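Report on one structure; see the data block that follows.
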Amino acid sequence: MTFLHAYYQYFHCFHESPTRLLRQKSMLLLLAATVMIQSVKAQTSDEALTKVKEVFALPSKVADSGTKKVRLQGVVLEVAAKGEEFSLYDGESCISAVVAGEVTSPQVGAKVEIEGSVFSEPFFERTRTRIKANKLTHLGTAPLPEAKPVSLGDAATFKHLDQWVSVEGTVLQVRSSMSLFTIQMASGGTSCNVLIRQWPRTAIPRDWIGGRVRVVGINRAYLPGSNFLSVVATAQAQVTVVKTGVIDPLDVPLTTVTALRSSLPSKDERVKLTGTLLAATTGNVYYARSDDGEAFSFYMLLPIDEDKSGRYSTPIIMPKCNPGDVLEVVGIPSHVKKGTHLDFAVVRVLRSSPVPEAIATDIATVAAGNHIHDLVELEGRLLSQDDVLIAPGRWRTTIKLGDGDKTVIAFLDASSRGTVTHFGPDNRLNIRGLVTAAYYPEIRVWLPTPEDVKSMGIATEVVTRRLWIGLSFASGVVVLLVGWAAMLHRSRLAVHALNASLESRVTERTAELAAAKDELAQALSHERELSELKSRFVSLVSHEFRTPLGIIMSAVELLRHFKERLTPEKHAELHEDIFSATLQMSGLMEQVLLLGRAEAGKIGWKPARVELRMLCERIVDESLSSTNGRCPVHFSAEGDFDGALMDEALIRHIIGNLLSNAVKYSPEGSPAFLTLRREGDEAVIEVRDRGIGIPVADQARLYEAFHRASNVGETPGTGLGLLLVKHCVDLHHGSIQMHSEEGVGTTFTVRLPVSSTALK
C-alpha cells in the first residue's frame, strides 16, 4: 500500500488536465485490484487440504503435479505388509498414504495426523490419487468404522478403490500360504478373490466350501499391477462366517434339472446334478444329459493356483472328462434363457459309459428354444455356407439350414479351412450337434466334428421345382425350334462363317483385355501396399520419434538454461533421460533396418551348435534387466537339447521379441511364462502372459508391418516385432501359432527343428 500511495502522490505533483488525471486514477485502481487478486490467489494456493474428499476433487493437472499440500487427520485402517503404505479414514472417505523420508507406518487403529503432498499414478485403466506422507503425528487410538457393503462385481473391478468396504459371497475355495489366507467367493455370477494377512496356521477352516462369509477390508490389489486379489484385510477378526459350508466340495444334496427349472435355489446356493457328458468345448464349457433326460451345461472351476509345495489349498481338482463319462457336478445355477447352466463347477467322474444317442428332432422344435444344451440330430435345406478366419490357425465353418420359414445356424471350429465339405446350394443336410442358443442372439447348433454333418442329396422340394421349370422351358424351346428350323437351315453356312470370325476376334481381344486387367490389378495392388506401408512408416516415425525427441529437447533446454541451479541428482536424471530416449530411437531404427534386411533376403540361416537351455536363461535375464524387473518371468525346460543346430541370432530375435511383448502388454507385476520342451525332432518354445490380449479383429493382421492392435492405448511400439519374429521362424523352417483372448492373455507357440535331419 505504501507503493500505491507514493504512486498516487507522484501524479498529484503535476498540474494535469481533468481528463488525463481521471485516466491515471483508473489505471491506479486497476493496478491495485490486480495486486490484491494475486495476493489472495497466492494465499489460497498455499493452503493445505484437510479433507480426503477435497483431495479426490482436485483437477487431474493439480494432482499430477505433486505440489498440492495436505494436512489430514484420521484413523489407520490397514497397513501394507512391509510398512511402505497405509490407509487413512477421515470420517468420510479413505485414501492411501505412502510413507516418505523418516516417517514410519503407524499401527492399525491409530489416530494420526499426516502432512504431505498429493500425487497420482496409473492404476489399470484409471488414475489413482494418493498421499506422500512427509510428517506423521500420533494423536491416540480410535475404533475402526463401519464398512460400506458393496457387491463382489464392483470390488473385482475396483469401483471403490482404496475404500473401506464389506463384501459377502459363497466360498468357492480357500488357500493358505504362510500367514497369507486367500478366499475365492462368488455372488451374482461374479467371483472375487480376497486376502487376509496374519491368518494363524492353526485356524485354517476345512468346512467353508459352499458356505457364506463376509470380509471387511480395503478395495485394492494386493500385488501391484494385478487384479487377482481385490480386497485386502489385515486380521482374522475382519472375516465373519455367515453360514458354515462343507469339507468335501461335492457334499451337496442331489437335485434334477427339472426341479431347478421349476424353482431356482436361493441366491448363490450350490446344487448337485448328475449326468452323462455329451461333449466339451475348448472354452471350458461342458454339456451333459442328466438322469431325468434333461440337458445342462457347466463351466468348470479353476484352482486358485497349481501349488504343489505342500501349502494348504482347497482340493479343487479338474479331472480329465471324456464323452460318455457319468459325472457328479456341483455348481451355482445361473439364469440362462430356457436352459440350465452351472457356474464355478467342481466335478467327480463316477464311471464311464457309452456316449448318449442324439435326440431326433426338427428345425422348428429347436428354433422354438427346445433341447437347449442337449445333443440333437436334425435335417434341413442348406441356405448358405462359408468359412471365416476368426483367429490365426482357427477357422469357423457356418452353415445356415432352413425348413419352411424356420432357420437354425450350425457351426464348427477347426484348425484349417475347408475341414467341412462344401455342399451345393439346396442340399438337404443331416447334422448332429449341441444346441447352444443360450449364448447367442439366435438358435445355434455346435458341431463337435466334421463327421457330424452329412449330405442327404438335393432337397425334394427343390428337385420338384426344378423339374417343372425344366419341362416348361423345354416345351417352349421345342416350339421355337420348329418355327425357326427353315430359317436357320438357309442361313446356317453364312452364320457359321461369321461366328468363326467373331469368335477368333473375341478370343484375341479377351486375351488382351485379361492380360491388361491382370497387369493393372497387380500395379494397383502394389501401389496400394506401398502407399499403406508409407503411411504407416510416416505415422510410426512421427509418433515414436516425437516422444524421445521431446524428452531430449526438454532435458537439453534445462541443462542449457538452468545448469547451475540443478542438483547433481537432477543432472544425472536428465542425462539418463537423454540416454534412454537415444536408446529408444536407436532401437526403433535398428528394427526398421533389420526388417529391411529381412525383406531384401539379406538375413540368412547360419546354424551352429547351441546350448538352447542356457541361451533361454540368458535371454530371460536380459529381459528382466532391460525392463527393470517390471514383470517376473518364469522359465521352465524339459527334454534333451544337446547337439541342437540353430542360428543363435535368430533365436534371440524370436524369444526376445515375444518376451518383450509379454512384459510390455501385461500389468506391472503380472508374471510371464517361458517354456521350453522337446517334442520329437522339434524344440517347442512357448511364451505366455496374462496381459491385455489381442482383439479378434486384429489377429488376422498380426504379422503385417507397422500394424498394432486397437487396444494398445499409449503403450509404445513399432508394429514390427512380430513380423521380425515371423521372418526368423520361417528362416528356421519352423512354425508359429498364437492363441489370445482380450483381457485374459496371449500365448505364442514356436516350433523349430532341432537338427538338420528334421528339416528333410
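Going by the C-alpha cells order, chains are called A, B, ..., each with residues numbered from 1, while ligands are numbered from 1 in the order shown.
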
query: Using the chain letters and numbers from this document, which residues of region 323-442 of chain A does DSSP assign to strand (DSSP E or B), as a VMD selection string?
result: chain A and resid 325 to 336 339 to 352 359 to 360 375 to 391 394 to 403 406 to 414 427 to 435

message: Give me the residues near region 99-109 of chain A as a list in words, where near means some atom within 6 Å (using only C-alpha atoms) and where sequence neighbours in that chain fewer than 3 positions away do not count.
response: Val75, Val76, Leu77, Glu78, Gly83, Glu84, Glu85, Ala133, Asn134, Thr141 and Ala142 of chain A

- request: Would you list the contacts of Ile114 (chain A) as a PyMOL selection string, taking every protein, DNA or RNA residue within 7 Å and counting only C-alpha atoms, but skipping same-chain residues closer than 3 positions in sequence?
  value: chain A and resi 71-73+133+135-137

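Reported to one decimal place, the separation of CA of Ile685 (chain A) from CA of Met585 (chain A) is 29.4 Å.
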
- request: Write out as a ChimeraX atom specification which residues come within 12 Å of Ala80 (chain A) when counting only C-alpha atoms, dropping same-chain ones fewer than 6 positions away.
  value: /A:86-87,96-99,104-108,196-198,218,220-224,232-234

Can you write just those residues out, C-alpha atoms, as a tab-separated table (two decimals), in the first residue's frame?
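Heads up, here's the output in out_6.tsv:
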```
chain	number	residue	atom	x	y	z
A	86	PHE	CA	-1.24	-47.39	4.90
A	87	SER	CA	-4.92	-46.48	4.50
A	96	SER	CA	-3.83	-44.47	0.54
A	97	ALA	CA	-0.76	-42.81	2.05
A	98	VAL	CA	2.86	-43.66	1.17
A	99	VAL	CA	5.49	-43.05	3.83
A	104	THR	CA	7.25	-44.97	9.59
A	105	SER	CA	3.81	-46.51	9.16
A	106	PRO	CA	1.55	-46.47	12.24
A	107	GLN	CA	-0.42	-49.39	13.63
A	108	VAL	CA	-3.97	-50.32	12.61
A	196	ILE	CA	-6.42	-61.83	4.80
A	197	ARG	CA	-2.96	-61.24	6.27
A	198	GLN	CA	-1.73	-62.60	9.62
A	218	ILE	CA	-9.59	-52.23	1.64
A	220	ARG	CA	-7.20	-52.61	-3.76
A	221	ALA	CA	-4.87	-55.06	-5.48
A	222	TYR	CA	-2.51	-56.85	-3.09
A	223	LEU	CA	0.02	-57.39	-5.89
A	224	PRO	CA	0.82	-54.11	-7.73
A	232	VAL	CA	-7.23	-56.95	1.48
A	233	ALA	CA	-7.90	-57.44	5.19
A	234	THR	CA	-5.30	-57.30	7.95
```

- prompt: Which residue, A:Val112, A:Leu731, A:Ile131, A:Ala81, has the smallest gap to Lys69 (chain A) when you use only C-alpha atoms?
  reply: A:Ile131

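For the pair CA of Leu389 (chain A) and CA of Phe706 (chain A), the separation is 21.3 Å.
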
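Note that the spacing between CA of Val729 (chain A) and CA of Thr715 (chain A) amounts to 25.6 Å.
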
- prompt: So, counting only C-alpha atoms, which residue among A:Glu557, A:Glu168, A:Asp207, A:Glu269 is closest to Gln238 (chain A)?
  reply: A:Glu168
